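Asks: Below is run-v2.cif; it holds mmCIF, C-alpha atoms (C1' of nucleotides).
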```cif
data_target
loop_
_atom_site.label_atom_id
_atom_site.label_comp_id
_atom_site.auth_asym_id
_atom_site.auth_seq_id
_atom_site.Cartn_x
_atom_site.Cartn_y
_atom_site.Cartn_z
CA MET A 1 0.00 0.00 0.00
CA ARG A 2 1.02 3.51 -0.74
CA VAL A 3 1.99 6.27 1.62
CA THR A 4 -1.60 7.37 1.87
CA THR A 5 -4.19 4.81 1.01
CA GLU A 6 -4.41 4.64 -2.72
CA THR A 7 -8.17 4.93 -2.52
CA LYS A 8 -7.42 8.60 -2.05
CA GLU A 9 -6.40 9.01 -5.67
CA ALA A 10 -9.22 6.73 -6.77
CA THR A 11 -11.74 8.95 -5.00
CA ARG A 12 -10.30 11.99 -6.69
CA GLN A 13 -10.68 10.35 -10.06
CA ALA A 14 -14.21 9.21 -9.21
CA ILE A 15 -15.12 12.81 -8.49
CA LEU A 16 -13.61 14.02 -11.74
CA ASP A 17 -15.31 11.28 -13.76
CA ALA A 18 -18.66 11.86 -12.12
CA THR A 19 -18.38 15.59 -12.68
CA ARG A 20 -17.45 15.23 -16.33
CA ALA A 21 -20.31 12.83 -17.01
CA LEU A 22 -22.96 14.77 -15.10
CA LEU A 23 -22.03 18.14 -16.55
CA ARG A 24 -22.12 16.81 -20.08
CA GLU A 25 -25.57 15.39 -19.72
CA ARG A 26 -27.23 17.98 -17.52
CA GLY A 27 -25.22 21.20 -17.62
CA TRP A 28 -23.76 23.35 -14.90
CA GLU A 29 -26.88 24.68 -13.25
CA ASN A 30 -28.69 21.37 -13.04
CA VAL A 31 -25.87 19.58 -11.29
CA SER A 32 -25.36 20.23 -7.59
CA THR A 33 -22.37 19.29 -5.49
CA ARG A 34 -24.66 16.78 -3.79
CA ASP A 35 -25.31 15.17 -7.16
CA ILE A 36 -21.61 14.92 -7.87
CA ALA A 37 -20.84 13.53 -4.45
CA SER A 38 -23.47 10.83 -4.61
CA ALA A 39 -22.49 9.90 -8.16
CA ALA A 40 -18.94 9.53 -6.92
CA GLY A 41 -20.12 7.45 -3.98
CA ILE A 42 -19.11 9.83 -1.22
CA ALA A 43 -20.81 12.22 1.17
CA ASN A 44 -21.33 15.83 0.24
CA GLY A 45 -18.85 17.06 2.81
CA THR A 46 -16.16 14.70 1.59
CA LEU A 47 -16.23 16.36 -1.79
CA PHE A 48 -14.83 19.48 -0.20
CA ASN A 49 -11.91 17.59 1.26
CA TYR A 50 -10.78 17.11 -2.32
CA PHE A 51 -11.74 20.36 -4.01
CA PRO A 52 -12.28 23.73 -2.36
CA THR A 53 -15.13 24.79 -4.65
CA LYS A 54 -17.41 23.41 -7.31
CA GLU A 55 -15.58 25.49 -9.89
CA ALA A 56 -12.25 24.00 -8.84
CA ILE A 57 -13.41 20.56 -9.96
CA VAL A 58 -13.95 21.85 -13.46
CA GLY A 59 -10.66 23.69 -13.08
CA ALA A 60 -8.87 20.38 -12.63
CA LEU A 61 -10.56 18.96 -15.71
CA VAL A 62 -9.64 21.99 -17.77
CA ALA A 63 -6.06 22.02 -16.50
CA ASP A 64 -5.68 18.43 -17.67
CA VAL A 65 -6.92 19.26 -21.13
CA LEU A 66 -4.83 22.38 -21.55
CA GLU A 67 -1.70 20.65 -20.38
CA LYS A 68 -2.02 18.20 -23.25
CA ALA A 69 -2.06 21.12 -25.68
CA ASN A 70 1.43 22.21 -24.67
CA GLY A 71 4.16 21.59 -27.21
CA SER A 72 1.72 20.61 -29.91
CA LEU A 73 3.86 22.33 -32.54
CA ARG A 74 7.59 22.55 -31.99
CA ASP A 75 8.66 24.36 -35.12
CA GLY A 76 7.37 27.18 -37.25
CA THR A 77 7.24 30.90 -36.56
CA THR A 78 6.33 32.30 -33.17
CA GLU A 79 2.90 33.24 -34.49
CA GLU A 80 2.32 29.75 -35.83
CA GLN A 81 3.32 28.09 -32.60
CA LEU A 82 1.12 30.37 -30.50
CA PHE A 83 -1.75 29.83 -32.87
CA ALA A 84 -1.27 26.06 -32.66
CA LEU A 85 -1.04 26.10 -28.88
CA ILE A 86 -4.27 27.96 -28.41
CA ALA A 87 -6.16 26.18 -31.17
CA ALA A 88 -5.17 22.82 -29.69
CA GLY A 89 -6.38 23.97 -26.28
CA LEU A 90 -9.75 24.98 -27.67
CA ARG A 91 -10.06 21.68 -29.52
CA GLY A 92 -9.51 19.85 -26.26
CA LEU A 93 -12.13 21.95 -24.52
CA ARG A 94 -14.80 21.28 -27.11
CA ALA A 95 -16.75 18.89 -24.92
CA PHE A 96 -16.83 21.49 -22.16
CA ARG A 97 -18.12 24.28 -24.31
CA PRO A 98 -21.79 24.12 -23.28
CA PHE A 99 -21.08 24.73 -19.62
CA LEU A 100 -17.80 26.60 -19.89
CA PRO A 101 -19.54 30.00 -19.78
CA TYR A 102 -20.49 29.33 -16.19
CA VAL A 103 -16.96 28.78 -15.00
CA ILE A 104 -14.82 30.60 -17.51
CA ASP A 105 -14.57 33.72 -15.40
CA SER A 106 -13.39 31.96 -12.32
CA LEU A 107 -10.90 30.02 -14.42
CA LEU A 108 -9.44 33.03 -16.16
CA ALA A 109 -9.38 35.31 -13.14
CA PRO A 110 -6.45 35.44 -10.74
CA SER A 111 -7.05 33.54 -7.53
CA GLU A 112 -7.06 36.67 -5.42
CA ARG A 113 -10.53 37.11 -6.76
CA THR A 114 -12.01 33.81 -5.61
CA MET A 115 -9.69 33.84 -2.64
CA ARG A 116 -9.81 30.12 -2.16
CA ASP A 117 -9.00 28.32 -5.32
CA HIS A 118 -5.37 28.32 -6.43
CA GLU A 119 -5.92 25.86 -9.25
CA THR A 120 -6.72 28.76 -11.53
CA ASP A 121 -3.27 30.21 -10.92
CA ARG A 122 -1.73 26.90 -11.89
CA ILE A 123 -3.57 26.85 -15.19
CA ARG A 124 -2.50 30.38 -15.99
CA ASP A 125 1.10 29.98 -14.90
CA GLU A 126 1.64 26.77 -16.83
CA HIS A 127 0.12 28.21 -19.93
CA LEU A 128 2.22 31.36 -19.67
CA ALA A 129 5.35 29.28 -19.13
CA GLU A 130 4.64 27.56 -22.45
CA VAL A 131 4.11 30.92 -24.09
CA GLU A 132 7.44 32.16 -22.75
CA ARG A 133 9.10 29.06 -24.16
CA ILE A 134 7.61 29.76 -27.56
CA VAL A 135 8.52 33.43 -27.72
CA GLY A 136 11.94 32.65 -26.29
CA GLN A 137 11.94 35.28 -23.58
CA ARG A 138 10.61 35.96 -20.14
CA LEU A 139 7.62 38.27 -20.15
CA SER A 140 7.18 41.33 -17.99
CA PRO A 141 4.12 41.36 -15.69
CA MET A 142 2.51 43.78 -18.12
CA LEU A 143 3.06 41.57 -21.13
CA ARG A 144 1.82 38.58 -19.21
CA HIS A 145 -1.34 40.48 -18.41
CA LEU A 146 -1.68 41.63 -22.00
CA TYR A 147 -1.31 38.09 -23.27
CA TRP A 148 -3.84 36.81 -20.80
CA SER A 149 -6.34 39.52 -21.77
CA LEU A 150 -6.06 38.57 -25.42
CA TYR A 151 -6.19 34.87 -24.61
CA SER A 152 -9.30 35.35 -22.46
CA GLY A 153 -10.77 37.28 -25.33
CA VAL A 154 -10.20 34.41 -27.71
CA VAL A 155 -11.69 31.89 -25.33
CA THR A 156 -14.81 33.93 -24.64
CA PHE A 157 -15.15 34.61 -28.37
CA TRP A 158 -14.93 30.90 -29.08
CA VAL A 159 -17.48 30.06 -26.41
CA ALA A 160 -20.04 32.24 -28.17
CA ASP A 161 -18.97 31.44 -31.72
CA GLN A 162 -21.89 30.04 -33.69
CA SER A 163 -20.10 29.62 -37.03
CA THR A 164 -20.13 26.02 -38.20
CA ARG A 165 -16.47 25.17 -37.95
CA GLN A 166 -15.40 28.01 -35.68
CA GLU A 167 -13.78 29.83 -38.59
CA GLU A 168 -14.65 33.10 -36.91
CA THR A 169 -12.70 32.11 -33.84
CA LEU A 170 -9.72 31.06 -35.91
CA ALA A 171 -9.71 34.41 -37.69
CA PHE A 172 -9.94 36.22 -34.39
CA LEU A 173 -7.21 34.04 -32.95
CA ASP A 174 -5.01 34.84 -35.92
CA GLN A 175 -5.51 38.54 -35.37
CA SER A 176 -4.89 38.26 -31.65
CA THR A 177 -1.64 36.32 -31.89
CA ALA A 178 -0.37 38.73 -34.54
CA LEU A 179 -1.20 41.60 -32.25
CA PHE A 180 0.60 40.06 -29.32
CA VAL A 181 3.70 39.22 -31.29
CA ALA A 182 3.70 42.75 -32.69
CA SER A 183 3.60 44.22 -29.22
CA LEU A 184 6.62 42.11 -28.25
CA ARG A 185 8.59 44.27 -30.65
CA THR A 186 7.60 47.56 -29.06
CA LYS A 187 9.34 49.26 -26.17
CA LEU A 188 7.41 47.17 -23.71
CA GLY A 189 8.55 43.96 -25.32
CA LYS A 190 12.17 45.04 -25.53
CA GLU A 191 12.27 45.93 -21.85
CA SER A 192 11.37 42.46 -20.70
CA ARG A 193 14.05 40.82 -22.85
CA LYS A 194 17.07 40.10 -20.72
CA MET B 195 -49.07 62.00 -9.07
CA ARG B 196 -47.05 60.48 -11.87
CA VAL B 197 -47.96 57.67 -14.19
CA THR B 198 -46.61 55.17 -11.73
CA THR B 199 -46.40 56.35 -8.17
CA GLU B 200 -43.27 58.37 -7.86
CA THR B 201 -42.29 56.41 -4.80
CA LYS B 202 -41.18 53.82 -7.35
CA GLU B 203 -38.21 55.89 -8.43
CA ALA B 204 -37.55 56.87 -4.82
CA THR B 205 -37.37 53.22 -3.81
CA ARG B 206 -34.96 52.51 -6.62
CA GLN B 207 -32.74 55.30 -5.43
CA ALA B 208 -33.00 54.14 -1.84
CA ILE B 209 -31.76 50.73 -2.91
CA LEU B 210 -28.85 52.23 -4.83
CA ASP B 211 -27.91 54.53 -1.96
CA ALA B 212 -28.13 51.76 0.61
CA THR B 213 -26.05 49.47 -1.56
CA ARG B 214 -23.35 52.06 -2.17
CA ALA B 215 -23.06 52.88 1.51
CA LEU B 216 -23.09 49.31 2.78
CA LEU B 217 -20.61 48.02 0.23
CA ARG B 218 -18.18 50.79 0.98
CA GLU B 219 -18.16 50.12 4.66
CA ARG B 220 -18.43 46.36 4.75
CA GLY B 221 -17.45 44.95 1.36
CA TRP B 222 -19.22 42.61 -1.01
CA GLU B 223 -19.18 39.38 0.98
CA ASN B 224 -20.35 40.89 4.24
CA VAL B 225 -23.41 42.53 2.76
CA SER B 226 -26.41 40.35 1.99
CA THR B 227 -29.44 41.25 -0.08
CA ARG B 228 -31.38 41.19 3.19
CA ASP B 229 -29.05 43.84 4.58
CA ILE B 230 -29.57 46.03 1.54
CA ALA B 231 -33.33 45.58 1.61
CA SER B 232 -33.67 46.48 5.26
CA ALA B 233 -31.34 49.44 4.90
CA ALA B 234 -33.51 50.62 2.04
CA GLY B 235 -36.61 50.09 4.16
CA ILE B 236 -38.18 47.35 2.05
CA ALA B 237 -38.68 43.61 2.27
CA ASN B 238 -36.13 41.24 0.83
CA GLY B 239 -38.45 40.09 -1.93
CA THR B 240 -39.21 43.64 -2.99
CA LEU B 241 -35.56 44.16 -3.78
CA PHE B 242 -35.89 41.67 -6.61
CA ASN B 243 -38.79 43.57 -8.13
CA TYR B 244 -36.27 46.31 -8.82
CA PHE B 245 -33.12 44.39 -9.70
CA PRO B 246 -32.86 40.83 -10.98
CA THR B 247 -29.66 40.00 -9.11
CA LYS B 248 -27.38 41.37 -6.44
CA GLU B 249 -24.74 42.03 -9.09
CA ALA B 250 -27.23 44.03 -11.14
CA ILE B 251 -27.50 46.61 -8.39
CA VAL B 252 -23.80 47.27 -8.60
CA GLY B 253 -24.20 47.19 -12.36
CA ALA B 254 -26.55 50.14 -12.18
CA LEU B 255 -24.11 52.05 -9.99
CA VAL B 256 -21.25 51.33 -12.35
CA ALA B 257 -23.30 52.23 -15.42
CA ASP B 258 -24.02 55.63 -13.89
CA VAL B 259 -20.36 56.28 -13.25
CA LEU B 260 -19.19 55.14 -16.67
CA GLU B 261 -21.80 57.19 -18.44
CA LYS B 262 -20.38 60.32 -16.89
CA ALA B 263 -16.99 59.47 -18.36
CA ASN B 264 -18.32 59.68 -21.92
CA GLY B 265 -17.21 62.67 -23.93
CA SER B 266 -14.67 63.73 -21.34
CA LEU B 267 -12.25 64.80 -24.06
CA ARG B 268 -13.63 66.00 -27.36
CA ASP B 269 -10.45 66.80 -29.22
CA GLY B 270 -7.03 65.28 -29.58
CA THR B 271 -5.93 62.18 -31.42
CA THR B 272 -7.93 58.98 -31.37
CA GLU B 273 -5.45 57.47 -28.94
CA GLU B 274 -5.69 60.44 -26.62
CA GLN B 275 -9.48 60.39 -26.61
CA LEU B 276 -9.64 56.66 -25.92
CA PHE B 277 -7.07 57.02 -23.19
CA ALA B 278 -9.04 59.87 -21.63
CA LEU B 279 -12.32 57.97 -21.85
CA ILE B 280 -11.01 54.92 -20.06
CA ALA B 281 -8.94 56.82 -17.52
CA ALA B 282 -11.96 58.94 -16.62
CA GLY B 283 -14.02 55.79 -16.17
CA LEU B 284 -11.47 54.28 -13.84
CA ARG B 285 -11.27 57.50 -11.85
CA GLY B 286 -15.02 57.38 -11.36
CA LEU B 287 -14.84 53.78 -10.23
CA ARG B 288 -12.19 54.44 -7.61
CA ALA B 289 -14.60 54.18 -4.70
CA PHE B 290 -15.76 50.80 -5.97
CA ARG B 291 -12.35 49.30 -6.33
CA PRO B 292 -12.29 47.27 -3.10
CA PHE B 293 -15.31 45.21 -4.02
CA LEU B 294 -15.15 45.45 -7.78
CA PRO B 295 -13.24 42.17 -8.09
CA TYR B 296 -16.33 40.34 -6.90
CA VAL B 297 -18.57 41.68 -9.63
CA ILE B 298 -16.21 42.62 -12.42
CA ASP B 299 -16.68 39.36 -14.27
CA SER B 300 -20.43 39.54 -14.33
CA LEU B 301 -20.20 43.15 -15.44
CA LEU B 302 -17.78 42.54 -18.27
CA ALA B 303 -19.37 39.33 -19.52
CA PRO B 304 -22.16 39.27 -22.08
CA SER B 305 -25.58 38.72 -20.57
CA GLU B 306 -25.99 35.34 -22.20
CA ARG B 307 -23.67 34.16 -19.51
CA THR B 308 -25.71 35.29 -16.51
CA MET B 309 -28.89 34.76 -18.48
CA ARG B 310 -30.89 37.16 -16.41
CA ASP B 311 -29.20 40.48 -16.16
CA HIS B 312 -29.27 42.68 -19.25
CA GLU B 313 -27.82 45.69 -17.51
CA THR B 314 -24.36 44.43 -18.37
CA ASP B 315 -25.19 44.58 -22.07
CA ARG B 316 -26.27 48.18 -21.66
CA ILE B 317 -22.96 49.11 -20.07
CA ARG B 318 -21.01 47.43 -22.83
CA ASP B 319 -23.09 48.77 -25.69
CA GLU B 320 -23.03 52.33 -24.46
CA HIS B 321 -19.32 52.24 -23.92
CA LEU B 322 -18.73 50.76 -27.36
CA ALA B 323 -20.97 53.39 -28.94
CA GLU B 324 -18.72 56.05 -27.43
CA VAL B 325 -15.68 54.23 -28.75
CA GLU B 326 -17.19 54.13 -32.24
CA ARG B 327 -17.83 57.84 -32.02
CA ILE B 328 -14.20 58.45 -31.12
CA VAL B 329 -12.68 56.28 -33.82
CA GLY B 330 -15.18 57.63 -36.33
CA GLN B 331 -16.32 54.29 -37.71
CA ARG B 332 -18.57 51.41 -36.92
CA LEU B 333 -16.71 48.39 -35.58
CA SER B 334 -17.10 44.85 -36.82
CA PRO B 335 -18.19 42.27 -34.21
CA MET B 336 -14.61 41.06 -34.11
CA LEU B 337 -13.17 44.48 -33.43
CA ARG B 338 -15.80 45.10 -30.81
CA HIS B 339 -14.77 41.90 -29.10
CA LEU B 340 -11.11 42.78 -29.41
CA TYR B 341 -11.71 46.18 -27.90
CA TRP B 342 -13.68 44.70 -25.04
CA SER B 343 -10.97 42.12 -24.33
CA LEU B 344 -8.36 44.83 -24.09
CA TYR B 345 -10.65 47.05 -22.05
CA SER B 346 -11.42 44.20 -19.64
CA GLY B 347 -7.71 43.63 -19.39
CA VAL B 348 -7.11 47.23 -18.39
CA VAL B 349 -9.85 47.16 -15.79
CA THR B 350 -8.68 43.92 -14.20
CA PHE B 351 -5.10 45.20 -14.27
CA TRP B 352 -6.20 48.38 -12.53
CA VAL B 353 -8.15 46.47 -9.91
CA ALA B 354 -4.98 44.67 -8.87
CA ASP B 355 -2.60 47.58 -9.37
CA GLN B 356 -0.72 48.32 -6.16
CA SER B 357 1.44 51.16 -7.48
CA THR B 358 0.85 54.36 -5.55
CA ARG B 359 -0.77 56.49 -8.21
CA GLN B 360 -1.72 53.73 -10.61
CA GLU B 361 1.12 54.63 -12.96
CA GLU B 362 1.37 50.99 -13.92
CA THR B 363 -2.22 50.98 -15.06
CA LEU B 364 -1.74 54.16 -17.04
CA ALA B 365 1.25 52.66 -18.81
CA PHE B 366 -0.70 49.52 -19.55
CA LEU B 367 -3.63 51.57 -20.74
CA ASP B 368 -1.35 53.51 -23.04
CA GLN B 369 -0.03 50.30 -24.54
CA SER B 370 -3.51 48.85 -24.92
CA THR B 371 -5.04 51.84 -26.67
CA ALA B 372 -2.07 52.03 -29.03
CA LEU B 373 -2.51 48.37 -29.83
CA PHE B 374 -6.18 48.76 -30.55
CA VAL B 375 -5.74 51.80 -32.75
CA ALA B 376 -2.97 49.97 -34.60
CA SER B 377 -5.25 47.03 -35.27
CA LEU B 378 -7.85 49.40 -36.73
CA ARG B 379 -5.39 49.96 -39.56
CA THR B 380 -5.00 46.30 -40.43
CA LYS B 381 -7.18 44.34 -42.79
CA LEU B 382 -9.68 43.71 -40.02
CA GLY B 383 -10.02 47.39 -39.31
CA LYS B 384 -10.40 48.33 -42.95
CA GLU B 385 -13.15 45.80 -43.49
CA SER B 386 -15.43 47.30 -40.92
CA ARG B 387 -15.10 50.78 -42.36
CA LYS B 388 -18.08 51.61 -44.56
"C1'" DG C 389 -67.47 57.08 -1.48
"C1'" DG C 390 -67.72 52.27 -3.27
"C1'" DC C 391 -66.43 48.70 -6.14
"C1'" DA C 392 -63.34 46.12 -9.58
"C1'" DT C 393 -58.88 45.54 -11.45
"C1'" DA C 394 -54.11 46.06 -12.02
"C1'" DT C 395 -49.57 46.94 -9.42
"C1'" DT C 396 -46.54 46.44 -6.03
"C1'" DA C 397 -44.92 44.61 -1.41
"C1'" DT C 398 -44.27 40.79 1.52
"C1'" DG C 399 -41.71 37.11 3.87
"C1'" DA C 400 -41.94 32.04 4.34
"C1'" DG C 401 -39.64 28.81 1.85
"C1'" DC C 402 -36.39 26.57 -1.55
"C1'" DA C 403 -32.04 24.71 -3.19
"C1'" DC C 404 -27.66 25.83 -3.22
"C1'" DG C 405 -22.47 25.89 -1.94
"C1'" DC C 406 -19.96 25.23 1.82
"C1'" DT C 407 -18.48 24.38 7.08
"C1'" DC C 408 -17.48 21.97 11.14
"C1'" DA C 409 -18.15 19.08 15.24
"C1'" DT C 410 -18.25 14.35 15.48
"C1'" DA C 411 -17.77 9.51 14.02
"C1'" DT C 412 -15.18 6.23 11.42
"C1'" DT C 413 -11.20 4.23 9.71
"C1'" DA C 414 -6.40 3.46 8.87
"C1'" DA C 415 -1.28 3.53 10.36
"C1'" DG C 416 2.34 2.68 13.48
"C1'" DC C 417 4.01 0.38 17.35
"C1'" DC C 418 4.44 -3.26 21.02
"C1'" DG D 419 -4.23 -8.82 18.21
"C1'" DG D 420 -4.69 -4.69 21.06
"C1'" DC D 421 -3.84 0.21 21.86
"C1'" DT D 422 -2.90 5.04 20.44
"C1'" DT D 423 -2.90 8.65 17.28
"C1'" DA D 424 -3.36 10.81 13.05
"C1'" DA D 425 -6.04 11.03 8.70
"C1'" DT D 426 -10.36 10.91 6.46
"C1'" DA D 427 -15.51 10.62 5.99
"C1'" DT D 428 -19.90 12.16 7.42
"C1'" DG D 429 -24.22 14.78 7.17
"C1'" DA D 430 -26.86 18.09 9.98
"C1'" DG D 431 -26.80 22.80 9.73
"C1'" DC D 432 -25.74 27.70 8.23
"C1'" DG D 433 -26.46 31.74 5.51
"C1'" DT D 434 -27.00 32.86 0.99
"C1'" DG D 435 -29.43 34.58 -3.43
"C1'" DC D 436 -33.62 34.21 -5.25
"C1'" DT D 437 -38.88 32.64 -6.03
"C1'" DC D 438 -43.68 32.70 -5.62
"C1'" DA D 439 -48.29 32.39 -3.56
"C1'" DT D 440 -50.59 35.70 -1.07
"C1'" DA D 441 -51.63 40.24 0.98
"C1'" DA D 442 -51.74 45.05 0.68
"C1'" DT D 443 -52.33 49.08 -1.95
"C1'" DA D 444 -53.10 52.14 -5.60
"C1'" DT D 445 -55.85 53.33 -9.89
"C1'" DG D 446 -59.90 54.08 -12.82
"C1'" DC D 447 -64.69 54.23 -13.31
"C1'" DC D 448 -69.47 55.12 -11.70
#
```
Please re-express this file's structure in structure tokens.

Replies:
Amino acid sequence: MRVTTETKEATRQAILDATRALLRERGWENVSTRDIASAAGIANGTLFNYFPTKEAIVGALVADVLEKANGSLRDGTTEEQLFALIAAGLRGLRAFRPFLPYVIDSLLAPSERTMRDHETDRIRDEHLAEVERIVGQRLSPMLRHLYWSLYSGVVTFWVADQSTRQEETLAFLDQSTALFVASLRTKLGKESRK
Amino acid sequence: MRVTTETKEATRQAILDATRALLRERGWENVSTRDIASAAGIANGTLFNYFPTKEAIVGALVADVLEKANGSLRDGTTEEQLFALIAAGLRGLRAFRPFLPYVIDSLLAPSERTMRDHETDRIRDEHLAEVERIVGQRLSPMLRHLYWSLYSGVVTFWVADQSTRQEETLAFLDQSTALFVASLRTKLGKESRK
DNA sequence: GGCATATTATGAGCACGCTCATATTAAGCC
DNA sequence: GGCTTAATATGAGCGTGCTCATAATATGCC
């Protein structure tokens, strides 16, 4: 047996699986934490030993998906790599799209805002680390914020995009990455290069 | 007496005044809708005859403030006018800053997300109308979304800005407006010009 | 004023996310 | 196995935002 009983990890997975399944079939508002707990075979209170908030559960699911998008294109121009990174992330999130609007804000916002859930910081930091790898330089706090604003913009655009194959989103994404790369070449970008 | 009893407007104002006062002294999380209702001298249920959600009350306060920022600078370059518009808005929001993080998302998001509160659309549409006036052209949906992403970025940056006189925010704002104006001159910008 | 009808106010009640004192179980040691 | 102690599970209970059947009140007409 492991250091802590390995049922611990199994329970965590049961929660994630139950959440994924329930959300897909019934949406965010029609699934309560009690529903998730009982589907995972635990008491309601136990759920909160594993995740601090309902949103944090989805946060873990999203973090998983986004992590897989990292390094999806290892050559090409900076623009192309950024484009590929984000497009791959969105592709992975497709199944979450119907209920993503309900959690997107808490996922994209810094944790100081929810003041409980630090998972959101992990998602952001890991994504930004990948971006820094692609652009080949460390980003100033301002550039990080700028990138995240544009990235949030793309995600919220995508969430509402009704066009059949999300061409609108891809066009917007193209514009946004170009804009970010362009701003790397301004004063602000130069400053953060070591 | 007016068409509808004029106490109606008085009640609305009482709610807004009570909300403003309570939030300033006790913050978002320590003020319940029951608190607001009783401070305004009405029953809890009555509150929801006037505003659909707790956030919507703050939305009305914010809308008031932002409206006053419109047309604050009527000459100067496009960049300068945009800068002035946004800076004036932030100045007006100063008193709200401590609790703004709790509502900012629901204010900046399109109403489809909250699915109840259309006040947020009004704020966005009025602000964008002013932006269109300044840049002297109608904006395509994509450019509107791009502007709003950047604007949201500035606001969330400002909310977290610890620098003494918000110089960081002003620098970021400068960068953001420049970026937006630059993107007006690209293909995307040209397309939306009539 | 008196009656009928439309508006607005009311607060008990609902389901929710989340907490916390207590009960249950597992781990470590002899 | 028995005993002790630390980790985990439990679910009653809290306060919340919000709803809705009902009560109170205002309006329009005679």

Asks: Residue by residue, what does the PyMOL selection byres ((chain C and resi 390-392) around 12) grab here? Present the result as an NGL selection string.

Replies: (:C and (389 or 393-394)) or (:D and (445-448))

Asks: What residues come out when you apply the PyMOL selection byres ((chain D and resi 420) around 12) to this file, written as a PyMOL selection string?

Replies: (chain C and resi 417-418) or (chain D and resi 419+421-422)

Asks: Set the cut-off to 12 Å and count only C-alpha atoms (C1' of nucleotides): what are the residues of chain B that reach chain D? Output as a PyMOL selection string.

Replies: chain B and resi 195-201+223-229+238-243+245-249+310

Asks: At what distance in Å, to one decimal, does atom C1' of C:DC402 lie from atom CA of B:Ser232?

Replies: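 Separating atom CA of B:Ser232 from atom C1' of C:DC402 is a distance of 21.2 Å.
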
Asks: Quick one: apply the PyMOL selection byres ((chain B) within 10 of (chain A)) to the file and drop the selected residues here as a short mmCIF file (atom, residue, chain, number, x, y, z; two decimals) with C-alpha atoms, keeping the file's coordinate frame.

Replies:
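Listed below is the output, out-v4.cif:
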```
data_model
loop_
_atom_site.label_atom_id
_atom_site.label_comp_id
_atom_site.auth_asym_id
_atom_site.auth_seq_id
_atom_site.Cartn_x
_atom_site.Cartn_y
_atom_site.Cartn_z
CA PHE B 293 -15.31 45.21 -4.02
CA LEU B 294 -15.15 45.45 -7.78
CA PRO B 295 -13.24 42.17 -8.09
CA TYR B 296 -16.33 40.34 -6.90
CA VAL B 297 -18.57 41.68 -9.63
CA ILE B 298 -16.21 42.62 -12.42
CA ASP B 299 -16.68 39.36 -14.27
CA SER B 300 -20.43 39.54 -14.33
CA LEU B 302 -17.78 42.54 -18.27
CA ALA B 303 -19.37 39.33 -19.52
CA PRO B 304 -22.16 39.27 -22.08
CA GLU B 306 -25.99 35.34 -22.20
CA ARG B 307 -23.67 34.16 -19.51
CA THR B 308 -25.71 35.29 -16.51
CA MET B 336 -14.61 41.06 -34.11
CA LEU B 337 -13.17 44.48 -33.43
CA HIS B 339 -14.77 41.90 -29.10
CA LEU B 340 -11.11 42.78 -29.41
CA TYR B 341 -11.71 46.18 -27.90
CA TRP B 342 -13.68 44.70 -25.04
CA SER B 343 -10.97 42.12 -24.33
CA LEU B 344 -8.36 44.83 -24.09
CA TYR B 345 -10.65 47.05 -22.05
CA SER B 346 -11.42 44.20 -19.64
CA GLY B 347 -7.71 43.63 -19.39
CA VAL B 348 -7.11 47.23 -18.39
CA THR B 350 -8.68 43.92 -14.20
CA PHE B 351 -5.10 45.20 -14.27
CA ALA B 354 -4.98 44.67 -8.87
CA GLU B 362 1.37 50.99 -13.92
CA THR B 363 -2.22 50.98 -15.06
CA ALA B 365 1.25 52.66 -18.81
CA PHE B 366 -0.70 49.52 -19.55
CA GLN B 369 -0.03 50.30 -24.54
CA SER B 370 -3.51 48.85 -24.92
CA ALA B 372 -2.07 52.03 -29.03
CA LEU B 373 -2.51 48.37 -29.83
CA PHE B 374 -6.18 48.76 -30.55
CA ALA B 376 -2.97 49.97 -34.60
CA SER B 377 -5.25 47.03 -35.27
CA THR B 380 -5.00 46.30 -40.43
CA LYS B 381 -7.18 44.34 -42.79
CA LEU B 382 -9.68 43.71 -40.02
#
```

Asks: Chain C near chain A within 9 Å: what's each residue's closest atom pair and its distance in Å to one decimal, counting all atoms listed in the file, ordered by chain then ascending residue number, as JSON lines?

Replies:
```
{"residue": "C:DC404", "atom": "C1'", "partner": "A:Ser32", "partner_atom": "CA", "distance": 7.5}
{"residue": "C:DG405", "atom": "C1'", "partner": "A:Thr33", "partner_atom": "CA", "distance": 7.5}
{"residue": "C:DC406", "atom": "C1'", "partner": "A:Phe48", "partner_atom": "CA", "distance": 8.0}
{"residue": "C:DT407", "atom": "C1'", "partner": "A:Gly45", "partner_atom": "CA", "distance": 8.5}
{"residue": "C:DA414", "atom": "C1'", "partner": "A:Thr5", "partner_atom": "CA", "distance": 8.3}
```

Asks: Give me the residues near A:Leu107 as a ChimeraX atom specification, where near means some atom within 9 Å (using only C-alpha atoms (C1' of nucleotides)) and where sequence neighbours in that chain fewer than 5 positions away do not count.

Replies: /A:55-56,58-59,62,119-121,123-124

Asks: Check the smallest atom-to-atom distance from each of A:Arg144, A:Arg97, A:Lys68, A:Arg26 to A:Gln162 using all atoms listed in the file, then report the winner.

Replies: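 Closest candidate: A:Arg97.
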
Asks: May I have the residues within 8 Å of A:Val131 as a PyMOL selection string, using all atoms listed in the file and disregarding those fewer than 4 positions away in the same chain?

Replies: chain A and resi 82+127+135

Asks: Tell me, as a PyMOL selection string, which residues lie within 12 Å of B:Arg285, counting all atoms listed in the file; anything in the same chain fewer than 4 positions away does not count.

Replies: chain B and resi 256+259-260+262-263+266+278-281+289-291+349+352-353+359-360+363-364

Asks: Please measure the separation of atom CA of A:His118 and atom CA of A:Ala18, giving the value in Å to one decimal.

Replies: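 These two atoms are separated by 21.9 Å.
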
Asks: Stretch 425-429 of chain D from the block above, C-alpha atoms (C1' of nucleotides), as a compact mmCIF listing (two decimals), in the first residue's frame, please?

Replies:
```txt
# COMPACT_ATOMS: atom_id res chain seq x y z
C1' DA D 425 -6.04 11.03 8.70
C1' DT D 426 -10.36 10.91 6.46
C1' DA D 427 -15.51 10.62 5.99
C1' DT D 428 -19.90 12.16 7.42
C1' DG D 429 -24.22 14.78 7.17
```
